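Student: Next comes protein35.cif, mmCIF, C-alpha atoms:
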data_model
loop_
_atom_site.group_PDB
_atom_site.id
_atom_site.type_symbol
_atom_site.label_atom_id
_atom_site.label_comp_id
_atom_site.auth_asym_id
_atom_site.auth_seq_id
_atom_site.Cartn_x
_atom_site.Cartn_y
_atom_site.Cartn_z
ATOM 1 C CA MET L 1 82.619 85.212 93.677
ATOM 2 C CA THR L 2 85.060 82.349 93.106
ATOM 3 C CA PRO L 3 87.739 80.932 95.430
ATOM 4 C CA ASP L 4 90.347 82.812 93.402
ATOM 5 C CA ASN L 5 88.855 86.065 94.693
ATOM 6 C CA ILE L 6 89.489 85.072 98.315
ATOM 7 C CA PRO L 7 92.886 85.470 100.002
ATOM 8 C CA GLU L 8 94.620 82.103 100.086
ATOM 9 C CA VAL L 9 94.820 81.936 103.890
ATOM 10 C CA LEU L 10 91.036 82.496 104.195
ATOM 11 C CA ARG L 11 89.807 79.986 101.625
ATOM 12 C CA HIS L 12 89.134 77.439 104.361
ATOM 13 C CA VAL L 13 86.478 79.685 105.933
ATOM 14 C CA ARG L 14 82.998 78.208 105.405
ATOM 15 C CA SER L 15 80.854 79.985 107.998
ATOM 16 C CA LEU L 16 81.232 83.450 106.441
ATOM 17 C CA THR L 17 80.563 84.877 103.013
ATOM 18 C CA LEU L 18 83.774 86.766 102.437
ATOM 19 C CA PRO L 19 84.014 89.764 100.111
ATOM 20 C CA ALA L 20 85.983 89.348 96.907
ATOM 21 C CA SER L 21 89.507 90.742 97.012
ATOM 22 C CA PRO L 22 91.129 92.358 93.978
ATOM 23 C CA PRO L 23 94.540 91.188 92.803
ATOM 24 C CA SER L 24 97.257 93.000 94.719
ATOM 25 C CA SER L 25 98.181 96.230 92.948
ATOM 26 C CA GLN L 26 99.632 99.602 93.827
ATOM 27 C CA PHE L 27 97.058 101.220 91.534
ATOM 28 C CA LEU L 28 93.971 100.357 93.591
ATOM 29 C CA ARG L 29 91.927 103.480 94.238
ATOM 30 C CA HIS L 30 91.414 103.860 97.957
ATOM 31 C CA ILE L 31 87.918 105.344 97.887
ATOM 32 C CA GLU L 32 86.661 102.937 95.210
ATOM 33 C CA VAL L 33 88.352 99.670 96.185
ATOM 34 C CA ILE L 34 89.996 99.633 99.609
ATOM 35 C CA ASP L 35 87.261 101.480 101.525
ATOM 36 C CA PRO L 36 84.404 99.233 100.290
ATOM 37 C CA LEU L 37 86.493 96.102 100.926
ATOM 38 C CA ALA L 38 87.276 97.246 104.476
ATOM 39 C CA ALA L 39 83.618 98.151 105.040
ATOM 40 C CA ALA L 40 82.556 94.651 103.940
ATOM 41 C CA TYR L 41 84.932 93.050 106.440
ATOM 42 C CA ALA L 42 83.790 95.533 109.098
ATOM 43 C CA ASP L 43 80.165 94.534 108.480
ATOM 44 C CA LEU L 44 81.110 90.910 109.231
ATOM 45 C CA TYR L 45 82.744 92.053 112.457
ATOM 46 C CA HIS L 46 79.815 94.261 113.500
ATOM 47 C CA THR L 47 77.320 91.436 112.911
ATOM 48 C CA ARG L 48 79.207 89.209 115.339
ATOM 49 C CA HIS L 49 80.810 91.592 117.784
ATOM 50 C CA GLY L 50 78.971 94.908 117.604
ATOM 51 C CA PHE L 51 80.166 98.481 117.264
ATOM 52 C CA PRO L 52 82.641 100.094 117.803
ATOM 53 C CA VAL L 53 85.664 97.871 117.211
ATOM 54 C CA GLN L 54 87.208 96.561 120.418
ATOM 55 C CA ALA L 55 90.621 94.893 120.561
ATOM 56 C CA GLU L 56 89.562 91.773 122.484
ATOM 57 C CA ALA L 57 86.624 91.137 120.158
ATOM 58 C CA LEU L 58 88.883 91.712 117.172
ATOM 59 C CA GLU L 59 91.239 89.037 118.486
ATOM 60 C CA ARG L 60 88.291 86.600 118.597
ATOM 61 C CA PHE L 61 87.241 87.725 115.136
ATOM 62 C CA LEU L 62 90.628 86.792 113.695
ATOM 63 C CA GLU L 63 91.098 83.569 115.624
ATOM 64 C CA LEU L 64 87.586 82.112 115.848
ATOM 65 C CA ASP L 65 85.631 83.605 112.948
ATOM 66 C CA PHE L 66 88.469 83.495 110.415
ATOM 67 C CA GLY L 67 90.346 80.566 111.932
ATOM 68 C CA LEU L 68 93.703 82.315 111.652
ATOM 69 C CA PRO L 69 96.535 81.186 113.931
ATOM 70 C CA TYR L 70 96.684 84.007 116.462
ATOM 71 C CA GLY L 71 98.584 84.702 119.639
ATOM 72 C CA TRP L 72 101.074 86.849 121.483
ATOM 73 C CA GLU L 73 104.796 86.376 121.254
ATOM 74 C CA GLU L 74 107.906 88.407 121.926
ATOM 75 C CA ILE L 75 109.013 89.700 118.546
ATOM 76 C CA VAL L 76 112.579 90.984 118.631
ATOM 77 C CA GLU L 77 112.940 94.457 117.147
ATOM 78 C CA PRO L 78 116.161 95.632 115.540
ATOM 79 C CA GLU L 79 116.957 99.182 116.555
ATOM 80 C CA GLY L 80 114.702 101.647 114.795
ATOM 81 C CA VAL L 81 112.013 99.169 113.698
ATOM 82 C CA HIS L 82 108.539 98.928 115.230
ATOM 83 C CA ILE L 83 106.854 95.541 115.085
ATOM 84 C CA LEU L 84 103.596 95.895 117.003
ATOM 85 C CA ALA L 85 102.099 92.895 115.243
ATOM 86 C CA GLN L 86 103.174 90.572 112.487
ATOM 87 C CA HIS L 87 101.480 88.577 109.743
ATOM 88 C CA GLU L 88 103.084 85.489 108.229
ATOM 89 C CA PRO L 89 101.723 85.178 104.667
ATOM 90 C CA ARG L 90 102.265 81.445 104.209
ATOM 91 C CA SER L 91 100.420 80.256 107.315
ATOM 92 C CA GLY L 92 98.175 83.263 107.806
ATOM 93 C CA ALA L 93 99.382 83.584 111.405
ATOM 94 C CA VAL L 94 98.942 86.944 113.110
ATOM 95 C CA HIS L 95 100.872 87.728 116.290
ATOM 96 C CA ALA L 96 100.713 90.699 118.598
ATOM 97 C CA ASN L 97 104.068 91.669 120.054
ATOM 98 C CA ALA L 98 104.036 90.754 123.746
ATOM 99 C CA LEU L 99 106.783 93.333 124.335
ATOM 100 C CA TYR L 100 104.049 95.977 124.001
ATOM 101 C CA ALA L 101 101.547 94.274 126.335
ATOM 102 C CA ASP L 102 101.553 97.132 128.842
ATOM 103 C CA LEU L 103 101.166 99.693 126.080
ATOM 104 C CA PHE L 104 98.292 97.745 124.513
ATOM 105 C CA ALA L 105 96.618 97.450 127.910
ATOM 106 C CA GLU L 106 96.664 101.225 128.299
ATOM 107 C CA TYR L 107 95.832 102.044 124.678
ATOM 108 C CA SER L 108 93.664 99.180 123.438
ATOM 109 C CA TYR L 109 92.892 101.008 120.199
ATOM 110 C CA LEU L 110 96.590 100.710 119.357
ATOM 111 C CA LEU L 111 96.341 96.922 119.391
ATOM 112 C CA ALA L 112 93.152 97.087 117.329
ATOM 113 C CA SER L 113 94.737 99.300 114.678
ATOM 114 C CA ALA L 114 97.839 97.076 114.530
ATOM 115 C CA LEU L 115 95.726 93.933 114.025
ATOM 116 C CA LEU L 116 93.575 95.666 111.415
ATOM 117 C CA HIS L 117 96.729 96.685 109.555
ATOM 118 C CA GLU L 118 97.697 92.997 109.384
ATOM 119 C CA LEU L 119 94.173 92.028 108.293
ATOM 120 C CA GLY L 120 94.542 94.647 105.577
ATOM 121 C CA HIS L 121 97.597 92.818 104.267
ATOM 122 C CA ILE L 122 95.542 89.614 104.161
ATOM 123 C CA ALA L 123 92.413 91.094 102.577
ATOM 124 C CA LEU L 124 94.446 92.962 99.958
ATOM 125 C CA ARG L 125 96.450 89.818 99.155
ATOM 126 C CA HIS L 126 99.788 91.495 99.723
ATOM 127 C CA GLY L 127 101.373 88.137 100.516
ATOM 128 C CA GLU L 128 101.179 87.293 96.827
ATOM 129 C CA LEU L 129 103.864 89.898 96.211
ATOM 130 C CA TYR L 130 106.512 87.802 97.899
ATOM 131 C CA ALA L 131 108.010 84.589 96.627
ATOM 132 C CA GLU L 132 109.432 82.402 99.375
ATOM 133 C CA ASP L 133 113.035 83.115 98.470
ATOM 134 C CA THR L 134 112.553 86.883 98.557
ATOM 135 C CA LEU L 135 111.048 87.198 102.028
ATOM 136 C CA PRO L 136 113.287 89.568 104.013
ATOM 137 C CA PHE L 137 114.899 88.624 107.309
ATOM 138 C CA LEU L 138 115.639 90.953 110.176
ATOM 139 C CA PRO L 139 118.696 90.441 112.357
ATOM 140 C CA GLY L 140 117.673 88.557 115.483
ATOM 141 C CA LEU L 141 114.621 86.946 113.867
ATOM 142 C CA ASN L 142 114.612 83.280 112.912
ATOM 143 C CA ALA L 143 111.770 83.575 110.427
ATOM 144 C CA PRO L 144 111.182 85.887 107.487
ATOM 145 C CA GLY L 145 108.688 88.708 107.816
ATOM 146 C CA SER L 146 107.201 90.160 104.677
ATOM 147 C CA PHE L 147 105.902 93.442 105.893
ATOM 148 C CA LEU L 148 108.755 95.642 107.072
ATOM 149 C CA HIS L 149 108.166 99.374 107.074
ATOM 150 C CA ARG L 150 110.678 101.501 105.244
ATOM 151 C CA THR L 151 109.113 104.907 105.858
ATOM 152 C CA ALA L 152 109.216 106.930 109.072
ATOM 153 C CA TRP L 153 106.132 106.405 111.226
ATOM 154 C CA LEU L 154 104.736 106.228 114.713
ATOM 155 C CA PRO L 155 101.575 104.299 115.579
ATOM 156 C CA TRP L 156 98.321 106.235 115.580
ATOM 157 C CA GLY L 157 97.789 108.059 118.819
ATOM 158 C CA ILE L 158 101.222 107.326 120.268
ATOM 159 C CA SER L 159 103.700 110.184 120.497
ATOM 160 C CA ALA L 160 107.462 110.000 120.653
ATOM 161 C CA GLU L 161 107.178 110.822 124.352
ATOM 162 C CA VAL L 162 105.003 107.771 124.992
ATOM 163 C CA LEU L 163 107.079 105.437 122.857
ATOM 164 C CA LYS L 164 110.456 106.846 123.852
ATOM 165 C CA HIS L 165 112.629 104.019 122.594
ATOM 166 C CA ALA L 166 111.074 104.099 119.127
ATOM 167 C CA VAL L 167 113.011 105.868 116.388
ATOM 168 C CA LYS L 168 112.085 106.510 112.808
ATOM 169 C CA VAL L 169 112.716 103.672 110.394
ATOM 170 C CA ALA L 170 114.444 106.135 108.100
ATOM 171 C CA ASN L 171 117.147 106.357 110.758
ATOM 172 C CA LEU L 172 117.996 102.655 110.890
ATOM 173 C CA ASP L 173 121.517 102.093 112.125
ATOM 174 C CA GLN L 174 124.231 101.110 109.658
ATOM 175 C CA ARG L 175 124.233 97.482 110.823
ATOM 176 C CA VAL L 176 120.630 97.064 109.677
ATOM 177 C CA ARG L 177 121.187 99.089 106.500
ATOM 178 C CA ASP L 178 124.032 96.788 105.534
ATOM 179 C CA PHE L 179 121.945 93.699 106.164
ATOM 180 C CA LEU L 180 118.701 94.766 104.513
ATOM 181 C CA LYS L 181 118.603 96.368 101.095
ATOM 182 C CA PRO L 182 115.906 99.033 100.569
ATOM 183 C CA GLN L 183 114.078 96.951 97.951
ATOM 184 C CA ARG L 184 113.545 94.216 100.540
ATOM 185 C CA PHE L 185 111.401 96.444 102.685
ATOM 186 C CA GLU L 186 107.664 96.707 102.340
ATOM 187 C CA PRO L 187 106.957 99.219 99.562
ATOM 188 C CA ASP L 188 105.359 102.445 100.713
ATOM 189 C CA TRP L 189 102.163 101.725 98.802
ATOM 190 C CA VAL L 190 101.729 98.354 100.568
ATOM 191 C CA TYR L 191 102.029 100.032 103.959
ATOM 192 C CA GLN L 192 99.696 102.857 102.954
ATOM 193 C CA GLN L 193 97.049 100.468 101.631
ATOM 194 C CA ALA L 194 97.087 98.464 104.866
ATOM 195 C CA GLN L 195 96.799 101.682 106.876
ATOM 196 C CA ARG L 196 93.886 102.834 104.746
ATOM 197 C CA PHE L 197 92.170 99.461 105.232
ATOM 198 C CA ALA L 198 92.638 99.701 109.019
ATOM 199 C CA ALA L 199 91.160 103.205 109.176
ATOM 200 C CA ALA L 200 88.241 102.336 106.884
ATOM 201 C CA PHE L 201 87.464 99.232 108.972
ATOM 202 C CA MET L 202 87.637 101.129 112.264
ATOM 203 C CA ILE L 203 85.743 104.140 110.861
ATOM 204 C CA PRO L 204 83.448 103.000 108.019
ATOM 205 C CA ASN L 205 82.301 105.899 105.868
ATOM 206 C CA GLY L 206 78.633 104.985 106.183
ATOM 207 C CA ARG L 207 78.691 105.078 109.988
ATOM 208 C CA LEU L 208 80.817 108.217 109.923
ATOM 209 C CA GLN L 209 78.265 109.977 107.706
ATOM 210 C CA GLU L 210 75.523 109.081 110.186
ATOM 211 C CA HIS L 211 77.426 110.888 112.927
ATOM 212 C CA LEU L 212 78.378 113.830 110.725
ATOM 213 C CA ALA L 213 74.696 114.336 109.886
ATOM 214 C CA GLU L 214 74.303 115.721 113.412
ATOM 215 C CA GLY L 215 76.300 118.771 112.339
ATOM 216 C CA TRP L 216 79.769 119.537 113.637
ATOM 217 C CA ASP L 217 81.739 122.749 114.008
ATOM 218 C CA PHE L 218 85.027 121.831 112.401
ATOM 219 C CA THR L 219 86.651 125.135 113.297
ATOM 220 C CA SER L 220 88.097 123.523 116.426
ATOM 221 C CA TRP L 221 89.564 120.116 117.258
ATOM 222 C CA ARG L 222 86.886 119.209 119.807
ATOM 223 C CA PRO L 223 84.645 117.394 117.263
ATOM 224 C CA VAL L 224 87.605 115.238 116.166
ATOM 225 C CA TYR L 225 88.191 114.143 119.765
ATOM 226 C CA GLU L 226 84.493 113.401 120.287
ATOM 227 C CA LEU L 227 84.217 111.374 117.075
ATOM 228 C CA ALA L 228 87.351 109.450 118.049
ATOM 229 C CA ARG L 229 85.711 108.615 121.388
ATOM 230 C CA ARG L 230 82.549 107.373 119.668
ATOM 231 C CA PHE L 231 84.533 105.140 117.337
ATOM 232 C CA ALA L 232 86.856 103.941 120.129
ATOM 233 C CA THR L 233 89.934 105.051 118.248
ATOM 234 C CA SER L 234 92.660 107.664 118.506
ATOM 235 C CA SER L 235 92.234 111.287 117.505
ATOM 236 C CA SER L 236 95.105 110.866 115.039
ATOM 237 C CA MET L 237 93.342 108.001 113.222
ATOM 238 C CA MET L 238 90.111 110.011 113.178
ATOM 239 C CA ARG L 239 91.950 113.026 111.796
ATOM 240 C CA TYR L 240 93.530 110.841 109.096
ATOM 241 C CA ARG L 241 90.142 109.416 108.130
ATOM 242 C CA LEU L 242 88.371 112.783 108.043
ATOM 243 C CA GLU L 243 91.155 114.321 105.975
ATOM 244 C CA GLN L 244 91.313 111.423 103.525
ATOM 245 C CA LEU L 245 87.567 111.644 102.931
ATOM 246 C CA GLY L 246 87.697 115.422 102.538
ATOM 247 C CA TYR L 247 85.520 116.200 105.567
ATOM 248 C CA ILE L 248 88.170 118.426 107.151
ATOM 249 C CA SER L 249 91.157 120.441 105.959
ATOM 250 C CA VAL L 250 94.194 121.015 108.145
ATOM 251 C CA GLN L 251 96.861 123.663 107.706
ATOM 252 C CA GLY L 252 99.415 123.512 110.490
ATOM 253 C CA ASN L 253 97.305 123.430 113.666
ATOM 254 C CA VAL L 254 94.306 125.103 112.037
ATOM 255 C CA ILE L 255 91.316 122.899 111.203
ATOM 256 C CA SER L 256 88.403 123.844 108.956
ATOM 257 C CA PRO L 257 85.570 122.065 107.119
ATOM 258 C CA GLY L 258 86.828 120.206 104.060
ATOM 259 C CA PRO L 259 85.416 120.277 100.521
ATOM 260 C CA HIS L 260 83.235 117.196 101.129
ATOM 261 C CA TYR L 261 81.833 118.167 104.507
ATOM 262 C CA GLY L 262 78.048 118.292 104.273
ATOM 263 C CA LYS L 263 78.105 116.181 101.133
ATOM 264 C CA GLN L 264 77.407 112.471 100.773
ATOM 265 C CA ILE L 265 80.390 110.557 99.472
ATOM 266 C CA PRO L 266 78.965 107.548 97.590
ATOM 267 C CA LEU L 267 79.264 104.301 99.521
ATOM 268 C CA LEU L 268 80.824 102.265 96.723
#
Would you put the structure from the file into structure tokens?

Tutor:
Amino acid sequence: MTPDNIPEVLRHVRSLTLPASPPSSQFLRHIEVIDPLAAAYADLYHTRHGFPVQAEALERFLELDFGLPYGWEEIVEPEGVHILAQHEPRSGAVHANALYADLFAEYSYLLASALLHELGHIALRHGELYAEDTLPFLPGLNAPGSFLHRTAWLPWGISAEVLKHAVKVANLDQRVRDFLKPQRFEPDWVYQQAQRFAAAFMIPNGRLQEHLAEGWDFTSWRPVYELARRFATSSSMMRYRLEQLGYISVQGNVISPGPHYGKQIPLL
């Protein structure tokens, strides 16, 4: 491993042996590249802070173990855009949006998943995609933010009823559409890679296989809820992880064992 394999904002870290990061690319295979990278970072976390992932410990992990500037601040949101947390590529700073403090207090896993999404951007070196003069600005913000989501989404485990004021990014009002061109948003693959990293960190395949070895009846949703409880995450993140790894199949509201359930997916 050479310094060139480490994300720029983490090259100052001396107390940890960081995993090598591949050059940023939309062609990275999730199961072969992103999952093992996330698992390596998760191992560092577990060594210091235990299992499962907890939001407060994750905050310490970012700020004290990695030495990243971290804090809470009120991040203004243009209508239709969710900014639960933000990563500034040049400084490495990660901020949780203080506007969601009450929500994070009630659903701590939501803060954890948001911070892991930002760590995914760092570990996958997504900041290298943006030259300084191409960083997009949002109306009302006085600093550029690289990672703006173009696709429709709601945070894991939070329904439209819970987050009533949130609307899909695809429905941005005309004022924002006129200001921001589509190519200035985070590409879908960047968002999806960061989401995959967050899920693989929160639910490492190796630990998941240990739990699945107990045997689960995936003809109902109850096992998904129980696994989510064990991993201190939302049922929607657990469903995403189980589906992506092929352990369950879902058609509408019907769940069934997936093609890989009962099989060992190699821990690459």

Student: Name all residues at most 9 Å from L:Ser256 (count all atoms listed in the file; drop same-chain ones fewer than 6 positions away) and give them as a VMD selection string.

Tutor: chain L and resid 217 to 220 247 to 250

Student: Those selected residues, please, written with C-alpha atoms and delivered as a compact mmCIF listing (two decimals), keeping the file's coordinate frame.

Tutor:
# COMPACT_ATOMS: atom_id res chain seq x y z
CA ASP L 217 81.74 122.75 114.01
CA PHE L 218 85.03 121.83 112.40
CA THR L 219 86.65 125.14 113.30
CA SER L 220 88.10 123.52 116.43
CA TYR L 247 85.52 116.20 105.57
CA ILE L 248 88.17 118.43 107.15
CA SER L 249 91.16 120.44 105.96
CA VAL L 250 94.19 121.02 108.14

Student: Which residues come within 10 Å of stretch 188-194 of chain L, counting only C-alpha atoms, excluding same-chain residues fewer than 5 positions away, as a PDB file with C-alpha atoms, in the coordinates of the input?

Tutor:
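Result went into around05.pdb, see below:
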ATOM      1  CA  SER L  24      97.257  93.000  94.719  1.00  0.00           C
ATOM      2  CA  SER L  25      98.181  96.230  92.948  1.00  0.00           C
ATOM      3  CA  GLN L  26      99.632  99.602  93.827  1.00  0.00           C
ATOM      4  CA  PHE L  27      97.058 101.220  91.534  1.00  0.00           C
ATOM      5  CA  LEU L  28      93.971 100.357  93.591  1.00  0.00           C
ATOM      6  CA  ARG L  29      91.927 103.480  94.238  1.00  0.00           C
ATOM      7  CA  HIS L  30      91.414 103.860  97.957  1.00  0.00           C
ATOM      8  CA  ILE L  34      89.996  99.633  99.609  1.00  0.00           C
ATOM      9  CA  ASP L  35      87.261 101.480 101.525  1.00  0.00           C
ATOM     10  CA  ALA L  38      87.276  97.246 104.476  1.00  0.00           C
ATOM     11  CA  ALA L 114      97.839  97.076 114.530  1.00  0.00           C
ATOM     12  CA  LEU L 116      93.575  95.666 111.415  1.00  0.00           C
ATOM     13  CA  HIS L 117      96.729  96.685 109.555  1.00  0.00           C
ATOM     14  CA  GLU L 118      97.697  92.997 109.384  1.00  0.00           C
ATOM     15  CA  LEU L 119      94.173  92.028 108.293  1.00  0.00           C
ATOM     16  CA  GLY L 120      94.542  94.647 105.577  1.00  0.00           C
ATOM     17  CA  HIS L 121      97.597  92.818 104.267  1.00  0.00           C
ATOM     18  CA  ILE L 122      95.542  89.614 104.161  1.00  0.00           C
ATOM     19  CA  ALA L 123      92.413  91.094 102.577  1.00  0.00           C
ATOM     20  CA  LEU L 124      94.446  92.962  99.958  1.00  0.00           C
ATOM     21  CA  HIS L 126      99.788  91.495  99.723  1.00  0.00           C
ATOM     22  CA  LEU L 129     103.864  89.898  96.211  1.00  0.00           C
ATOM     23  CA  PHE L 147     105.902  93.442 105.893  1.00  0.00           C
ATOM     24  CA  LEU L 148     108.755  95.642 107.072  1.00  0.00           C
ATOM     25  CA  HIS L 149     108.166  99.374 107.074  1.00  0.00           C
ATOM     26  CA  ARG L 150     110.678 101.501 105.244  1.00  0.00           C
ATOM     27  CA  THR L 151     109.113 104.907 105.858  1.00  0.00           C
ATOM     28  CA  ALA L 199      91.160 103.205 109.176  1.00  0.00           C
ATOM     29  CA  ALA L 200      88.241 102.336 106.884  1.00  0.00           C
TER      30      ALA L 200
END

Student: Between atom CA of L:Arg125 and atom CA of L:Leu242, what is the spacing in Å?

Tutor: 25.9 Å

Student: As an exercise, work out the distance from atom CA of L:Tyr45 to atom CA of L:Asp65 in Å and give it to one decimal place.

Tutor: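 So the two atoms, atom CA of L:Tyr45 and atom CA of L:Asp65, lie 8.9 Å apart.
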
Student: Given the choices L:Gln244, L:Leu18, L:Tyr109, L:Ile6, which gets closest to L:Arg229 if the distance is worked out from only C-alpha atoms?

Tutor: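 That would be L:Tyr109, the residue with the smallest distance to L:Arg229.
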
Student: If I wrap all listed atoms of stretch 216-222 of chain L in a box with edges along x, y and z and add 6 Å on each side, what are its centre and edge lengths in Å to one decimal, as JSON?

Tutor:
{"center_x": 84.7, "center_y": 122.2, "center_z": 116.1, "size_x": 21.8, "size_y": 17.9, "size_z": 19.4}

Student: Please provide the set of residues having any atom within 10 Å of stretch 212-216 of chain L, restricted to all atoms listed in the file, with same-chain residues fewer than 4 positions apart removed, written as an MDAnalysis selection string.

Tutor: chainID L and resid 206:208 220 222:224 227 247 257 261:264

Student: Limited to C-alpha atoms, could you put the picked residues into a file as a PDB file, in the coordinates of the input?

Tutor:
ATOM      1  CA  GLY L 206      78.633 104.985 106.183  1.00  0.00           C
ATOM      2  CA  ARG L 207      78.691 105.078 109.988  1.00  0.00           C
ATOM      3  CA  LEU L 208      80.817 108.217 109.923  1.00  0.00           C
ATOM      4  CA  SER L 220      88.097 123.523 116.426  1.00  0.00           C
ATOM      5  CA  ARG L 222      86.886 119.209 119.807  1.00  0.00           C
ATOM      6  CA  PRO L 223      84.645 117.394 117.263  1.00  0.00           C
ATOM      7  CA  VAL L 224      87.605 115.238 116.166  1.00  0.00           C
ATOM      8  CA  LEU L 227      84.217 111.374 117.075  1.00  0.00           C
ATOM      9  CA  TYR L 247      85.520 116.200 105.567  1.00  0.00           C
ATOM     10  CA  PRO L 257      85.570 122.065 107.119  1.00  0.00           C
ATOM     11  CA  TYR L 261      81.833 118.167 104.507  1.00  0.00           C
ATOM     12  CA  GLY L 262      78.048 118.292 104.273  1.00  0.00           C
ATOM     13  CA  LYS L 263      78.105 116.181 101.133  1.00  0.00           C
ATOM     14  CA  GLN L 264      77.407 112.471 100.773  1.00  0.00           C
TER      15      GLN L 264
END

Student: Work out how far apart atom CA of L:Pro52 and atom CA of L:Ala98 are and give it in Å to one decimal.

Tutor: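 For atom CA of L:Pro52 relative to atom CA of L:Ala98, the distance reads 24.1 Å.
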
Student: For the structure shown, which residues end up in the PyMOL selection byres ((chain L and resi 13) around 12)? Put them as number ranges by chain, please?

Tutor: L: 3, 6-12, 14-19, 62-68

Student: Counting all atoms listed in the file, which of L:Gln86, L:Ser21, L:Gln195, L:Thr47 gets nearest to L:Arg241?

Tutor: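 Checking each of L:Gln86, L:Ser21, L:Gln195, L:Thr47 against L:Arg241, counting all atoms listed in the file, the winner is L:Gln195.
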
Student: Using all atoms listed in the file for the distances, tell me which of L:Pro89, L:Tyr225, L:Asn97, L:Glu56 is nearest to L:Ile75.

Tutor: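 Among the listed residues, L:Asn97 lies closest to L:Ile75.
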
Student: From the list L:Glu210, L:Met202, L:Ala101, L:Trp221, which residue is nearest L:Thr233 when using only C-alpha atoms?

Tutor: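 Going through L:Glu210, L:Met202, L:Ala101, L:Trp221 one by one, the smallest distance to L:Thr233 is for L:Met202.
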
Student: Which residue gives the smallest distance to L:Gln54 among L:Tyr107, L:Ala93, L:Pro22, L:Gly71, with all atoms listed in the file counted?

Tutor: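 Among the listed residues, the smallest separation from L:Gln54 belongs to L:Tyr107.
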
Student: Here is a test: counting all atoms listed in the file, which residue of L:Val254, L:Ala232, L:Met238, L:Val94 is nearest to L:Arg60?

Tutor: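 Of the candidates, the smallest distance to L:Arg60 is held by L:Val94.
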